[in-house]
$ cat data35.tsv   # TSV, C-alpha atoms (C1' of nucleotides)
chain	number	residue	atom	x	y	z
A	1	MET	CA	-15.75	-8.06	-35.68
A	2	LEU	CA	-13.05	-10.43	-36.83
A	3	SER	CA	-9.54	-10.17	-35.40
A	4	ARG	CA	-6.79	-8.61	-37.47
A	5	PRO	CA	-5.04	-11.94	-38.22
A	6	CYS	CA	-8.41	-13.29	-39.33
A	7	THR	CA	-9.10	-10.53	-41.81
A	8	TYR	CA	-5.54	-10.83	-43.09
A	9	ALA	CA	-6.09	-14.54	-43.58
A	10	VAL	CA	-9.31	-13.98	-45.51
A	11	ARG	CA	-7.77	-11.31	-47.69
A	12	ALA	CA	-4.64	-13.37	-48.39
A	13	LEU	CA	-6.61	-16.48	-49.25
A	14	THR	CA	-8.97	-14.50	-51.44
A	15	TYR	CA	-5.98	-13.14	-53.29
A	16	LEU	CA	-4.71	-16.69	-53.76
A	17	ALA	CA	-8.12	-17.75	-55.02
A	18	MET	CA	-7.86	-15.03	-57.67
A	19	GLN	CA	-4.62	-16.46	-59.06
A	20	PRO	CA	-4.57	-18.86	-62.02
A	21	PRO	CA	-4.84	-22.49	-60.87
A	22	GLY	CA	-1.48	-24.15	-60.30
A	23	LYS	CA	0.37	-20.89	-59.86
A	24	LEU	CA	2.42	-20.36	-56.70
A	25	THR	CA	2.40	-16.96	-55.04
A	26	GLY	CA	5.02	-15.66	-52.62
A	27	SER	CA	4.16	-14.02	-49.31
A	28	ARG	CA	5.84	-10.82	-50.51
A	29	GLU	CA	3.45	-10.45	-53.41
A	30	ILE	CA	0.41	-11.10	-51.26
A	31	ALA	CA	1.64	-8.69	-48.61
A	32	ASP	CA	2.21	-5.94	-51.16
A	33	HIS	CA	-1.14	-6.30	-52.86
A	34	GLU	CA	-3.19	-6.72	-49.71
A	35	GLU	CA	-1.17	-4.19	-47.71
A	36	ILE	CA	-0.37	-6.62	-44.93
A	37	PRO	CA	2.96	-6.55	-43.04
A	38	ASN	CA	4.90	-9.37	-44.67
A	39	SER	CA	6.51	-10.94	-41.61
A	40	PHE	CA	3.16	-10.98	-39.86
A	41	LEU	CA	1.51	-12.47	-42.91
A	42	CYS	CA	4.10	-15.26	-42.97
A	43	LYS	CA	3.02	-16.43	-39.55
A	44	ILE	CA	-0.61	-16.41	-40.59
A	45	LEU	CA	0.12	-18.36	-43.76
A	46	LEU	CA	2.12	-20.83	-41.71
A	47	GLU	CA	-0.87	-21.37	-39.46
A	48	LEU	CA	-3.16	-21.82	-42.46
A	49	ARG	CA	-0.73	-24.39	-43.81
A	50	ARG	CA	-0.80	-26.29	-40.52
A	51	LYS	CA	-4.58	-26.33	-40.72
A	52	ARG	CA	-4.29	-27.76	-44.26
A	53	LEU	CA	-5.87	-24.82	-46.04
A	54	LEU	CA	-2.61	-24.00	-47.84
A	55	ARG	CA	0.34	-25.80	-49.32
A	56	SER	CA	3.74	-24.10	-49.29
A	57	TYR	CA	6.93	-24.59	-51.28
A	58	LYS	CA	10.41	-23.34	-50.44
A	59	GLY	CA	13.16	-22.15	-52.73
A	60	ILE	CA	13.18	-20.37	-56.07
A	61	GLY	CA	9.75	-20.24	-57.63
A	62	GLY	CA	8.28	-21.30	-54.31
A	63	GLY	CA	5.26	-19.80	-52.60
A	64	TYR	CA	1.76	-20.71	-51.51
A	65	GLU	CA	-1.29	-22.20	-53.12
A	66	LEU	CA	-4.71	-23.22	-51.86
A	67	ALA	CA	-4.82	-26.81	-50.65
A	68	LEU	CA	-8.50	-27.10	-51.61
A	69	PRO	CA	-10.63	-25.78	-54.46
A	70	ALA	CA	-11.70	-22.21	-53.69
A	71	ASP	CA	-15.37	-23.18	-53.52
A	72	LYS	CA	-14.60	-25.73	-50.81
A	73	ILE	CA	-13.10	-23.16	-48.43
A	74	ASN	CA	-15.52	-20.98	-46.51
A	75	LEU	CA	-14.98	-18.18	-44.04
A	76	LEU	CA	-15.81	-20.31	-41.04
A	77	MET	CA	-12.95	-22.66	-41.85
A	78	ILE	CA	-10.57	-19.73	-42.08
A	79	VAL	CA	-11.75	-18.07	-38.89
A	80	GLN	CA	-11.54	-21.31	-36.96
A	81	SER	CA	-8.07	-21.99	-38.35
A	82	ILE	CA	-6.87	-18.72	-36.91
A	83	GLU	CA	-8.98	-18.26	-33.79
A	84	GLY	CA	-9.26	-21.93	-32.92
A	85	GLU	CA	-12.27	-24.21	-32.72
A	86	LEU	CA	-13.45	-22.44	-29.59
A	87	ALA	CA	-14.35	-19.27	-31.47
A	88	PHE	CA	-17.91	-18.05	-30.87
A	89	THR	CA	-18.33	-20.10	-27.73
A	90	GLU	CA	-18.50	-17.27	-25.22
A	91	CYS	CA	-21.70	-15.38	-24.65
A	92	VAL	CA	-22.27	-11.65	-25.17
A	93	LEU	CA	-21.93	-10.66	-21.57
A	94	GLU	CA	-18.91	-12.87	-20.97
A	95	ASP	CA	-20.74	-14.08	-17.92
A	96	HIS	CA	-18.46	-16.61	-16.28
A	97	GLN	CA	-21.39	-18.70	-15.18
A	98	CYS	CA	-22.92	-18.62	-18.63
A	99	SER	CA	-23.62	-21.99	-20.24
A	100	ASP	CA	-26.60	-23.70	-21.80
A	101	GLN	CA	-27.46	-24.98	-18.34
A	102	GLY	CA	-27.10	-21.77	-16.30
A	103	PRO	CA	-27.27	-19.11	-18.97
A	104	CYS	CA	-26.92	-15.35	-18.69
A	105	ALA	CA	-29.85	-13.05	-19.24
A	106	LEU	CA	-29.19	-12.75	-22.96
A	107	HIS	CA	-28.31	-16.33	-23.70
A	108	GLU	CA	-31.22	-17.57	-25.83
A	109	SER	CA	-31.68	-14.59	-28.09
A	110	TRP	CA	-27.95	-14.28	-28.50
A	111	SER	CA	-27.51	-17.93	-29.41
A	112	GLU	CA	-29.92	-17.52	-32.29
A	113	LEU	CA	-27.98	-14.53	-33.61
A	114	LYS	CA	-24.69	-16.35	-33.18
A	115	ILE	CA	-25.95	-19.26	-35.24
A	116	ARG	CA	-26.95	-16.84	-37.99
A	117	PHE	CA	-23.45	-15.43	-37.98
A	118	ILE	CA	-21.87	-18.85	-38.23
A	119	ARG	CA	-24.21	-19.76	-41.10
A	120	PHE	CA	-23.21	-16.52	-42.79
A	121	LEU	CA	-19.54	-17.43	-42.50
A	122	GLU	CA	-20.26	-20.91	-43.83
A	123	THR	CA	-22.04	-19.64	-46.92
A	124	GLN	CA	-19.22	-17.30	-47.93
A	125	THR	CA	-16.65	-19.23	-49.96
A	126	LEU	CA	-13.31	-18.04	-51.27
A	127	ALA	CA	-14.59	-18.66	-54.78
A	128	GLY	CA	-17.44	-16.25	-54.18
A	129	LEU	CA	-15.24	-13.61	-52.61
A	130	ALA	CA	-12.67	-13.86	-55.38
A	131	GLU	CA	-15.37	-13.63	-58.05
A	132	THR	CA	-16.81	-10.50	-56.45
A	133	ARG	CA	-13.41	-8.90	-56.19
A	134	VAL	CA	-12.46	-9.67	-59.77
A	135	GLN	CA	-15.68	-8.05	-60.97
A	136	ARG	CA	-15.18	-5.02	-58.74
A	137	GLU	CA	-11.62	-4.50	-59.91
A	138	ARG	CA	-12.59	-4.89	-63.56
A	139	THR	CA	-15.25	-2.17	-63.38
A	140	ALA	CA	-12.95	-0.04	-61.26
A	141	GLY	CA	-10.20	-0.43	-63.86
A	142	GLU	CA	-12.42	1.02	-66.58
A	143	CYS	CA	-12.39	4.47	-65.01
A	144	ARG	CA	-8.99	4.36	-63.31
A	145	GLN	CA	-5.43	4.19	-64.63
A	146	ARG	CA	-5.04	0.46	-64.96
A	147	PRO	CA	-5.07	-2.50	-62.62
A	148	VAL	CA	-1.74	-3.25	-60.99
A	149	GLN	CA	-1.92	-7.01	-60.60
A	150	LEU	CA	-1.57	-7.78	-64.28
A	151	GLU	CA	2.14	-7.02	-64.28
A	152	ASP	CA	2.95	-9.24	-61.37
A	153	GLN	CA	0.70	-12.03	-62.52
A	154	SER	CA	2.38	-12.23	-65.92
A	155	ARG	CA	5.85	-11.95	-64.44
A	156	ASP	CA	5.46	-15.00	-62.22
A	157	LEU	CA	3.25	-16.98	-64.50
A	158	SER	CA	6.16	-19.12	-65.71
A	159	ALA	CA	7.05	-20.26	-62.20
A	160	LYS	CA	5.31	-23.60	-61.86
A	161	PRO	CA	7.35	-25.89	-59.61
A	162	SER	CA	6.71	-29.48	-58.74
A	163	LEU	CA	5.16	-30.73	-55.49
B	1	MET	CA	-18.27	-9.66	-29.13
B	2	LEU	CA	-18.67	-6.62	-26.92
B	3	SER	CA	-15.64	-4.97	-25.34
B	4	ARG	CA	-14.87	-5.52	-21.70
B	5	PRO	CA	-15.98	-2.03	-20.60
B	6	CYS	CA	-19.22	-2.63	-22.49
B	7	THR	CA	-20.08	-5.86	-20.76
B	8	TYR	CA	-19.17	-4.28	-17.42
B	9	ALA	CA	-21.52	-1.42	-18.22
B	10	VAL	CA	-24.37	-3.76	-19.08
B	11	ARG	CA	-23.84	-5.86	-15.96
B	12	ALA	CA	-23.58	-2.82	-13.71
B	13	LEU	CA	-26.69	-1.18	-15.14
B	14	THR	CA	-28.59	-4.43	-14.93
B	15	TYR	CA	-27.63	-4.66	-11.28
B	16	LEU	CA	-28.92	-1.12	-10.74
B	17	ALA	CA	-32.14	-2.01	-12.53
B	18	MET	CA	-32.64	-4.81	-10.01
B	19	GLN	CA	-32.51	-2.40	-7.06
B	20	PRO	CA	-35.65	-0.94	-5.48
B	21	PRO	CA	-36.64	2.32	-7.16
B	22	GLY	CA	-35.14	5.41	-5.52
B	23	LYS	CA	-32.34	3.49	-3.84
B	24	LEU	CA	-28.76	4.64	-4.43
B	25	THR	CA	-26.06	2.03	-4.90
B	26	GLY	CA	-22.33	2.60	-4.42
B	27	SER	CA	-19.73	1.50	-6.94
B	28	ARG	CA	-18.18	-0.79	-4.35
B	29	GLU	CA	-21.39	-2.79	-3.98
B	30	ILE	CA	-21.81	-3.13	-7.73
B	31	ALA	CA	-18.17	-4.09	-8.17
B	32	ASP	CA	-18.38	-6.78	-5.50
B	33	HIS	CA	-21.59	-8.32	-6.78
B	34	GLU	CA	-20.67	-8.21	-10.46
B	35	GLU	CA	-17.01	-9.07	-9.90
B	36	ILE	CA	-15.72	-6.01	-11.68
B	37	PRO	CA	-12.53	-4.17	-10.58
B	38	ASN	CA	-13.91	-1.20	-8.66
B	39	SER	CA	-11.62	1.55	-9.90
B	40	PHE	CA	-12.22	0.46	-13.46
B	41	LEU	CA	-15.95	0.34	-12.86
B	42	CYS	CA	-15.85	3.92	-11.53
B	43	LYS	CA	-14.57	5.18	-14.86
B	44	ILE	CA	-17.28	3.32	-16.72
B	45	LEU	CA	-20.00	4.64	-14.42
B	46	LEU	CA	-18.62	8.13	-14.88
B	47	GLU	CA	-18.90	7.73	-18.63
B	48	LEU	CA	-22.46	6.46	-18.32
B	49	ARG	CA	-23.28	9.48	-16.19
B	50	ARG	CA	-21.86	11.81	-18.82
B	51	LYS	CA	-24.09	10.11	-21.38
B	52	ARG	CA	-27.08	10.70	-19.06
B	53	LEU	CA	-27.83	7.05	-18.40
B	54	LEU	CA	-26.94	7.41	-14.73
B	55	ARG	CA	-27.19	9.99	-11.98
B	56	SER	CA	-24.55	10.05	-9.25
B	57	TYR	CA	-24.46	11.48	-5.74
B	58	LYS	CA	-21.42	12.16	-3.58
B	59	GLY	CA	-20.98	11.89	0.13
B	60	ILE	CA	-22.45	9.64	2.79
B	61	GLY	CA	-25.34	7.59	1.43
B	62	GLY	CA	-24.31	8.58	-2.07
B	63	GLY	CA	-24.08	6.31	-5.07
B	64	TYR	CA	-25.63	5.75	-8.47
B	65	GLU	CA	-29.12	5.33	-9.85
B	66	LEU	CA	-30.56	4.96	-13.31
B	67	ALA	CA	-31.42	8.27	-14.93
B	68	LEU	CA	-34.22	6.64	-16.95
B	69	PRO	CA	-36.79	3.92	-16.28
B	70	ALA	CA	-35.18	0.52	-16.86
B	71	ASP	CA	-37.50	-0.26	-19.75
B	72	LYS	CA	-36.34	2.89	-21.54
B	73	ILE	CA	-32.67	1.85	-21.60
B	74	ASN	CA	-31.65	-0.71	-24.18
B	75	LEU	CA	-28.33	-2.37	-24.92
B	76	LEU	CA	-27.64	-0.25	-27.97
B	77	MET	CA	-27.76	2.91	-25.86
B	78	ILE	CA	-25.29	1.39	-23.44
B	79	VAL	CA	-22.93	0.12	-26.10
B	80	GLN	CA	-22.89	3.44	-27.90
B	81	SER	CA	-22.34	5.29	-24.63
B	82	ILE	CA	-19.17	3.31	-24.10
B	83	GLU	CA	-17.91	2.62	-27.62
B	84	GLY	CA	-19.09	5.86	-29.13
B	85	GLU	CA	-21.63	6.55	-31.84
B	86	LEU	CA	-19.25	5.11	-34.43
B	87	ALA	CA	-19.69	1.57	-33.17
B	88	PHE	CA	-20.55	-0.98	-35.88
B	89	THR	CA	-19.40	1.21	-38.73
B	90	GLU	CA	-16.49	-0.88	-39.99
B	91	CYS	CA	-17.05	-3.82	-42.28
B	92	VAL	CA	-16.05	-7.42	-41.62
B	93	LEU	CA	-12.87	-7.36	-43.63
B	94	GLU	CA	-11.78	-3.95	-42.36
B	95	ASP	CA	-11.17	-3.10	-45.97
B	96	HIS	CA	-9.94	0.48	-46.02
B	97	GLN	CA	-11.71	1.17	-49.27
B	98	CYS	CA	-14.93	-0.33	-47.99
B	99	SER	CA	-17.98	1.94	-48.10
B	100	ASP	CA	-21.47	1.70	-49.51
B	101	GLN	CA	-20.09	3.11	-52.75
B	102	GLY	CA	-17.00	0.92	-53.20
B	103	PRO	CA	-17.79	-1.99	-50.94
B	104	CYS	CA	-15.68	-5.00	-50.04
B	105	ALA	CA	-16.61	-8.44	-51.22
B	106	LEU	CA	-18.75	-9.16	-48.17
B	107	HIS	CA	-20.41	-5.81	-47.83
B	108	GLU	CA	-24.05	-6.50	-48.68
B	109	SER	CA	-24.56	-9.75	-46.82
B	110	TRP	CA	-22.67	-8.39	-43.89
B	111	SER	CA	-24.72	-5.22	-43.69
B	112	GLU	CA	-27.88	-7.22	-43.32
B	113	LEU	CA	-26.39	-9.21	-40.45
B	114	LYS	CA	-25.12	-6.07	-38.79
B	115	ILE	CA	-28.58	-4.54	-38.87
B	116	ARG	CA	-29.96	-7.65	-37.23
B	117	PHE	CA	-27.41	-7.31	-34.48
B	118	ILE	CA	-28.31	-3.67	-33.89
B	119	ARG	CA	-32.00	-4.56	-33.78
B	120	PHE	CA	-31.16	-7.25	-31.26
B	121	LEU	CA	-29.39	-4.74	-29.04
B	122	GLU	CA	-32.31	-2.35	-29.35
B	123	THR	CA	-34.86	-4.91	-28.26
B	124	GLN	CA	-32.99	-5.87	-25.11
B	125	THR	CA	-33.90	-3.48	-22.30
B	126	LEU	CA	-32.46	-3.29	-18.82
B	127	ALA	CA	-35.91	-4.08	-17.47
B	128	GLY	CA	-35.93	-7.33	-19.43
B	129	LEU	CA	-32.42	-8.28	-18.40
B	130	ALA	CA	-33.10	-7.50	-14.75
B	131	GLU	CA	-36.32	-9.49	-14.81
B	132	THR	CA	-34.54	-12.51	-16.28
B	133	ARG	CA	-31.78	-12.29	-13.71
B	134	VAL	CA	-34.14	-11.97	-10.78
B	135	GLN	CA	-36.01	-15.07	-11.93
B	136	ARG	CA	-32.77	-16.99	-12.46
B	137	GLU	CA	-31.43	-16.09	-9.05
B	138	ARG	CA	-34.72	-16.96	-7.36
B	139	THR	CA	-34.78	-20.47	-8.78
B	140	ALA	CA	-31.04	-20.82	-8.12
B	141	GLY	CA	-31.57	-19.71	-4.51
B	142	GLU	CA	-34.03	-22.53	-3.90
B	143	CYS	CA	-31.28	-25.13	-4.12
B	144	ARG	CA	-28.39	-23.05	-2.83
B	145	GLN	CA	-27.63	-21.48	0.53
B	146	ARG	CA	-29.43	-18.17	0.14
B	147	PRO	CA	-29.14	-15.11	-2.07
B	148	VAL	CA	-26.47	-12.65	-1.04
B	149	GLN	CA	-28.02	-9.39	-2.17
B	150	LEU	CA	-30.72	-9.29	0.48
B	151	GLU	CA	-28.28	-8.33	3.22
B	152	ASP	CA	-26.78	-5.42	1.33
B	153	GLN	CA	-30.09	-4.21	0.02
B	154	SER	CA	-31.64	-3.98	3.47
B	155	ARG	CA	-28.56	-2.39	4.95
B	156	ASP	CA	-28.56	0.56	2.57
B	157	LEU	CA	-32.30	0.87	2.19
B	158	SER	CA	-32.47	3.80	4.63
B	159	ALA	CA	-30.02	5.90	2.63
B	160	LYS	CA	-32.22	8.03	0.42
B	161	PRO	CA	-30.51	11.34	-0.21
B	162	SER	CA	-31.83	14.38	-2.01
B	163	LEU	CA	-30.91	15.34	-5.56
C	1	DT	C1'	29.03	-28.08	-54.15
C	2	DG	C1'	27.93	-23.20	-53.65
C	3	DA	C1'	24.94	-19.17	-54.33
C	4	DC	C1'	20.51	-17.84	-54.15
C	5	DT	C1'	15.58	-17.84	-52.81
C	6	DA	C1'	11.60	-18.33	-50.00
C	7	DA	C1'	9.26	-20.32	-46.10
C	8	DA	C1'	9.77	-21.53	-40.93
C	9	DG	C1'	10.64	-20.19	-36.55
C	10	DG	C1'	12.16	-17.81	-32.41
C	11	DA	C1'	12.98	-13.71	-29.88
C	12	DT	C1'	11.87	-9.16	-29.26
C	13	DA	C1'	9.40	-4.60	-29.71
C	14	DT	C1'	5.20	-1.66	-29.99
C	15	DG	C1'	0.62	0.15	-29.01
C	16	DA	C1'	-3.88	-0.12	-27.42
C	17	DA	C1'	-7.00	-2.02	-24.07
C	18	DA	C1'	-7.55	-3.12	-19.43
C	19	DG	C1'	-6.62	-2.45	-14.81
C	20	DT	C1'	-4.43	-0.07	-10.55
C	21	DC	C1'	-3.19	3.62	-7.50
C	22	DC	C1'	-3.39	7.88	-5.52
C	23	DT	C1'	-5.10	12.57	-5.11
C	24	DT	C1'	-8.85	15.86	-5.52
C	25	DT	C1'	-13.58	17.33	-5.21
C	26	DA	C1'	-18.10	17.42	-3.38
C	27	DG	C1'	-21.55	16.41	-0.05
C	28	DC	C1'	-23.17	14.78	4.64
C	29	DG	C1'	-23.29	14.71	9.70
C	30	DG	C1'	-21.79	16.02	14.10
D	1	DC	C1'	-15.58	23.88	11.09
D	2	DC	C1'	-13.96	19.11	11.11
D	3	DG	C1'	-13.97	14.45	9.84
D	4	DC	C1'	-16.00	11.04	7.17
D	5	DT	C1'	-17.68	9.17	2.81
D	6	DA	C1'	-18.09	8.42	-2.03
D	7	DA	C1'	-17.55	9.99	-6.72
D	8	DA	C1'	-14.20	12.35	-10.07
D	9	DG	C1'	-10.03	12.56	-12.09
D	10	DG	C1'	-5.17	11.97	-13.31
D	11	DA	C1'	-1.03	9.24	-13.72
D	12	DC	C1'	0.79	5.05	-13.94
D	13	DT	C1'	1.26	-0.15	-14.69
D	14	DT	C1'	0.05	-4.48	-16.72
D	15	DT	C1'	-1.44	-7.37	-20.25
D	16	DC	C1'	-2.21	-8.84	-24.71
D	17	DA	C1'	-2.76	-8.42	-29.65
D	18	DT	C1'	-0.13	-6.93	-33.18
D	19	DA	C1'	4.05	-6.27	-35.49
D	20	DT	C1'	9.18	-6.49	-36.43
D	21	DC	C1'	13.75	-8.48	-36.69
D	22	DC	C1'	16.88	-11.90	-37.38
D	23	DT	C1'	18.34	-16.64	-37.84
D	24	DT	C1'	17.48	-21.27	-39.54
D	25	DT	C1'	15.73	-24.64	-42.73
D	26	DA	C1'	14.66	-26.39	-47.10
D	27	DG	C1'	14.50	-26.07	-51.69
D	28	DT	C1'	16.16	-24.53	-56.85
D	29	DC	C1'	19.57	-23.65	-60.21
D	30	DA	C1'	24.11	-23.31	-62.21

$ encode --input "data35.tsv" --output "structure tokens"
Amino acid sequence: MLSRPCTYAVRALTYLAMQPPGKLTGSREIADHEEIPNSFLCKILLELRRKRLLRSYKGIGGGYELALPADKINLLMIVQSIEGELAFTECVLEDHQCSDQGPCALHESWSELKIRFIRFLETQTLAGLAETRVQRERTAGECRQRPVQLEDQSRDLSAKPSL
Amino acid sequence: MLSRPCTYAVRALTYLAMQPPGKLTGSREIADHEEIPNSFLCKILLELRRKRLLRSYKGIGGGYELALPADKINLLMIVQSIEGELAFTECVLEDHQCSDQGPCALHESWSELKIRFIRFLETQTLAGLAETRVQRERTAGECRQRPVQLEDQSRDLSAKPSL
DNA sequence: TGACTAAAGGATATGAAAGTCCTTTAGCGG
DNA sequence: CCGCTAAAGGACTTTCATATCCTTTAGTCA
């Protein structure tokens, strides 16, 4: 449905949205928790930074943080950051002649569905995703060993560098 | 949205649905009209035959024909013939833990959208697609040179082999 | 300043999807 | 039976998304 880099981006940003405000998080930590290859993740984070969804900081205590409040970032923004603005422009049948003027046989009904999908992506914010995940992991923690993030969160909590 | 083989399958079957009933059409003719690499198309047609959407005939005058009436074949059948029955099972975020029991953060809202998409594919039949295309090409033909298919259709019309 | 850390960036490798090529099989017609 | 045709099938190549590796850049801290 979404490309691999896209889902990585969503997962990474959701993880960032779950961190305490002001905290910086390194790519390594994100990669470990979200099970994303780190070097690949770096390129995705770089792209998200270029699209102004992230800020990054080099050096000791450096890392990434959201450039906007989590409730101001929705999935459509993320997808378009990664896939480009032209995402969702092609039609189902990839008909080369397909446009709103000379559409393929599925054009109208497909367009309606496509718009629904875009609306769906727009309504899903990082804040919402993070909230859902925090709840899920809390209830999961009750019957499992114990959540893993707590350790890492507390370890890095002191690292709060300047801009 | 759909994989390349899938869109080729839909286009090829739609082309077959536009042919006069009982006529056999060779892969070459389909490939030329739909601008699909012929040897690649052959593999797709073979797969569609195995899934009983097509019948094929070898030798002179041979070719392919729909195994069912065009209004009995919908897009979902075609997609699942090519992609397998497991199509549309993964969730948006490809979360490995994602299931109806321990779902990812998007699971519910996504499921609803996915069902809509499947319904959409179910409602679109080859008969409908063919009808739309015939109409489109008729109106397009009025202001262009002339439709190309007529030649090839009349040429092969005599070839009506046995089962 | 020097040692260390983490992001940035380029160059390269891998694997799956897409596409090509060539041979085999089956059916038709003379 | 022979030659033609068209589908079936296997092996191979190409292309692209994904992933890895390694070097460079920029920052912190002592």

$ closest_residue --input "data35.tsv" --among "B:Ala87, B:Leu93, B:Leu66, B:Leu121" --to "chain A" --atoms "only C-alpha atoms"
B:Leu93

$ residues_around --input "data35.tsv" --residues "DA6 (chain C)" --least-positions-apart "4" --cutoff "9 Å" --atoms "only C-alpha atoms (C1' of nucleotides)" --output "PyMOL selection string"
(chain A and resi 26-27+57-63) or (chain D and resi 27)

$ write_last_selection --input "data35.tsv" --atoms "C-alpha atoms (C1' of nucleotides)" --output "PDB file, in the frame of the given file"
ATOM      1  CA  GLY A  26       5.020 -15.660 -52.620  1.00  0.00           C
ATOM      2  CA  SER A  27       4.160 -14.020 -49.310  1.00  0.00           C
ATOM      3  CA  TYR A  57       6.930 -24.590 -51.280  1.00  0.00           C
ATOM      4  CA  LYS A  58      10.410 -23.340 -50.440  1.00  0.00           C
ATOM      5  CA  GLY A  59      13.160 -22.150 -52.730  1.00  0.00           C
ATOM      6  CA  ILE A  60      13.180 -20.370 -56.070  1.00  0.00           C
ATOM      7  CA  GLY A  61       9.750 -20.240 -57.630  1.00  0.00           C
ATOM      8  CA  GLY A  62       8.280 -21.300 -54.310  1.00  0.00           C
ATOM      9  CA  GLY A  63       5.260 -19.800 -52.600  1.00  0.00           C
TER      10      GLY A  63
ATOM     11  C1'  DG D  27      14.500 -26.070 -51.690  1.00  0.00           C
TER      12       DG D  27
END

$ closest_residue --input "data35.tsv" --among "B:Arg28, B:Arg11, B:Arg136, B:Ile82" --to "DA6 (chain D)" --atoms "all atoms listed in the file"
B:Arg28

$ interface_residues --input "data35.tsv" --of "chain B" --to "chain A" --cutoff "7 Å" --atoms "only C-alpha atoms" --output "list in words"
Met1, Leu2, Thr7, Val92, Leu93, Ala105, Leu129, Thr132 and Arg133 of chain B

$ write_last_selection --input "data35.tsv" --atoms "C-alpha atoms" --output "short mmCIF file (atom, residue, chain, number, x, y, z; two decimals), keeping the file's coordinate frame"
data_model
loop_
_atom_site.label_atom_id
_atom_site.label_comp_id
_atom_site.auth_asym_id
_atom_site.auth_seq_id
_atom_site.Cartn_x
_atom_site.Cartn_y
_atom_site.Cartn_z
CA MET B 1 -18.27 -9.66 -29.13
CA LEU B 2 -18.67 -6.62 -26.92
CA THR B 7 -20.08 -5.86 -20.76
CA VAL B 92 -16.05 -7.42 -41.62
CA LEU B 93 -12.87 -7.36 -43.63
CA ALA B 105 -16.61 -8.44 -51.22
CA LEU B 129 -32.42 -8.28 -18.40
CA THR B 132 -34.54 -12.51 -16.28
CA ARG B 133 -31.78 -12.29 -13.71
#

$ atom_distance --input "data35.tsv" --atom1 "CA of Pro37 (chain B)" --atom2 "CA of Leu16 (chain B)"
16.7 Å

$ atom_distance --input "data35.tsv" --atom1 "CA of Pro21 (chain B)" --atom2 "CA of Phe40 (chain B)"
25.3 Å

$ residues_around --input "data35.tsv" --residues "region 8-21 of chain C" --least-positions-apart "4" --cutoff "12 Å" --atoms "only C-alpha atoms (C1' of nucleotides)" --output "ChimeraX atom specification"
/A:39,42-47,49-50,56-58 /B:3-5,8,36-44 /D:10-26

$ closest_residue --input "data35.tsv" --among "C:DG30, C:DT1, C:DT23, C:DA7" --to "chain A" --atoms "all atoms listed in the file"
C:DA7

$ atom_distance --input "data35.tsv" --atom1 "CA of Leu48 (chain A)" --atom2 "C1' of DT5 (chain C)"
21.8 Å

$ residues_around --input "data35.tsv" --residues "DT24 (chain C)" --least-positions-apart "4" --cutoff "12 Å" --atoms "only C-alpha atoms (C1' of nucleotides)" --output "ChimeraX atom specification"
/D:7-10

$ residues_around --input "data35.tsv" --residues "Ala17 (chain A)" --least-positions-apart "6" --cutoff "7 Å" --atoms "all atoms listed in the file" --output "count of residues only"
4

$ closest_atom_pairs --input "data35.tsv" --of "chain C" --to "chain B" --cutoff "7 Å" --atoms "all atoms listed in the file" --output "CSV"
residue,atom,partner,partner_atom,distance
C:DG19,C1',B:Phe40,CA,6.5
C:DA26,C1',B:Lys58,CA,6.2
C:DG27,C1',B:Gly59,CA,4.6
C:DC28,C1',B:Ile60,CA,5.5

$ axis_aligned_box --input "data35.tsv" --around "region 26-30 of chain A" --padding-each-side "5 Å" --output "lines of an AutoDock Vina configuration file"
center_x = 3.1
center_y = -13.1
center_z = -51.4
size_x = 15.4
size_y = 15.2
size_z = 14.1

$ residues_around --input "data35.tsv" --residues "Leu68 (chain A)" --least-positions-apart "6" --cutoff "9 Å" --atoms "all atoms listed in the file" --output "short mmCIF file (atom, residue, chain, number, x, y, z; two decimals) with C-alpha atoms, keeping the file's coordinate frame"
data_model
loop_
_atom_site.label_atom_id
_atom_site.label_comp_id
_atom_site.auth_asym_id
_atom_site.auth_seq_id
_atom_site.Cartn_x
_atom_site.Cartn_y
_atom_site.Cartn_z
CA ARG A 52 -4.29 -27.76 -44.26
CA LEU A 53 -5.87 -24.82 -46.04
CA LEU A 54 -2.61 -24.00 -47.84
#

$ build_atoms --input "data35.tsv" --residues "region 83-89 of chain A" --atoms "N, CA and C atoms" --output "PDB file, keeping the file's coordinate frame"
ATOM      1  N   GLU A  83      -8.527 -18.514 -35.164  1.00  0.00           N
ATOM      2  CA  GLU A  83      -8.980 -18.260 -33.790  1.00  0.00           C
ATOM      3  C   GLU A  83      -9.086 -19.531 -32.962  1.00  0.00           C
ATOM      4  N   GLY A  84      -9.087 -20.671 -33.617  1.00  0.00           N
ATOM      5  CA  GLY A  84      -9.260 -21.930 -32.920  1.00  0.00           C
ATOM      6  C   GLY A  84     -10.711 -22.375 -32.956  1.00  0.00           C
ATOM      7  N   GLU A  85     -10.931 -23.638 -32.644  1.00  0.00           N
ATOM      8  CA  GLU A  85     -12.270 -24.210 -32.720  1.00  0.00           C
ATOM      9  C   GLU A  85     -13.205 -23.577 -31.697  1.00  0.00           C
ATOM     10  N   LEU A  86     -12.625 -22.967 -30.674  1.00  0.00           N
ATOM     11  CA  LEU A  86     -13.450 -22.440 -29.590  1.00  0.00           C
ATOM     12  C   LEU A  86     -14.059 -21.075 -29.911  1.00  0.00           C
ATOM     13  N   ALA A  87     -13.781 -20.557 -31.106  1.00  0.00           N
ATOM     14  CA  ALA A  87     -14.350 -19.270 -31.470  1.00  0.00           C
ATOM     15  C   ALA A  87     -15.871 -19.317 -31.373  1.00  0.00           C
ATOM     16  N   PHE A  88     -16.460 -18.203 -30.979  1.00  0.00           N
ATOM     17  CA  PHE A  88     -17.910 -18.050 -30.870  1.00  0.00           C
ATOM     18  C   PHE A  88     -18.522 -18.885 -29.764  1.00  0.00           C
ATOM     19  N   THR A  89     -17.716 -19.320 -28.806  1.00  0.00           N
ATOM     20  CA  THR A  89     -18.330 -20.100 -27.730  1.00  0.00           C
ATOM     21  C   THR A  89     -18.800 -19.211 -26.579  1.00  0.00           C
TER      22      THR A  89
END
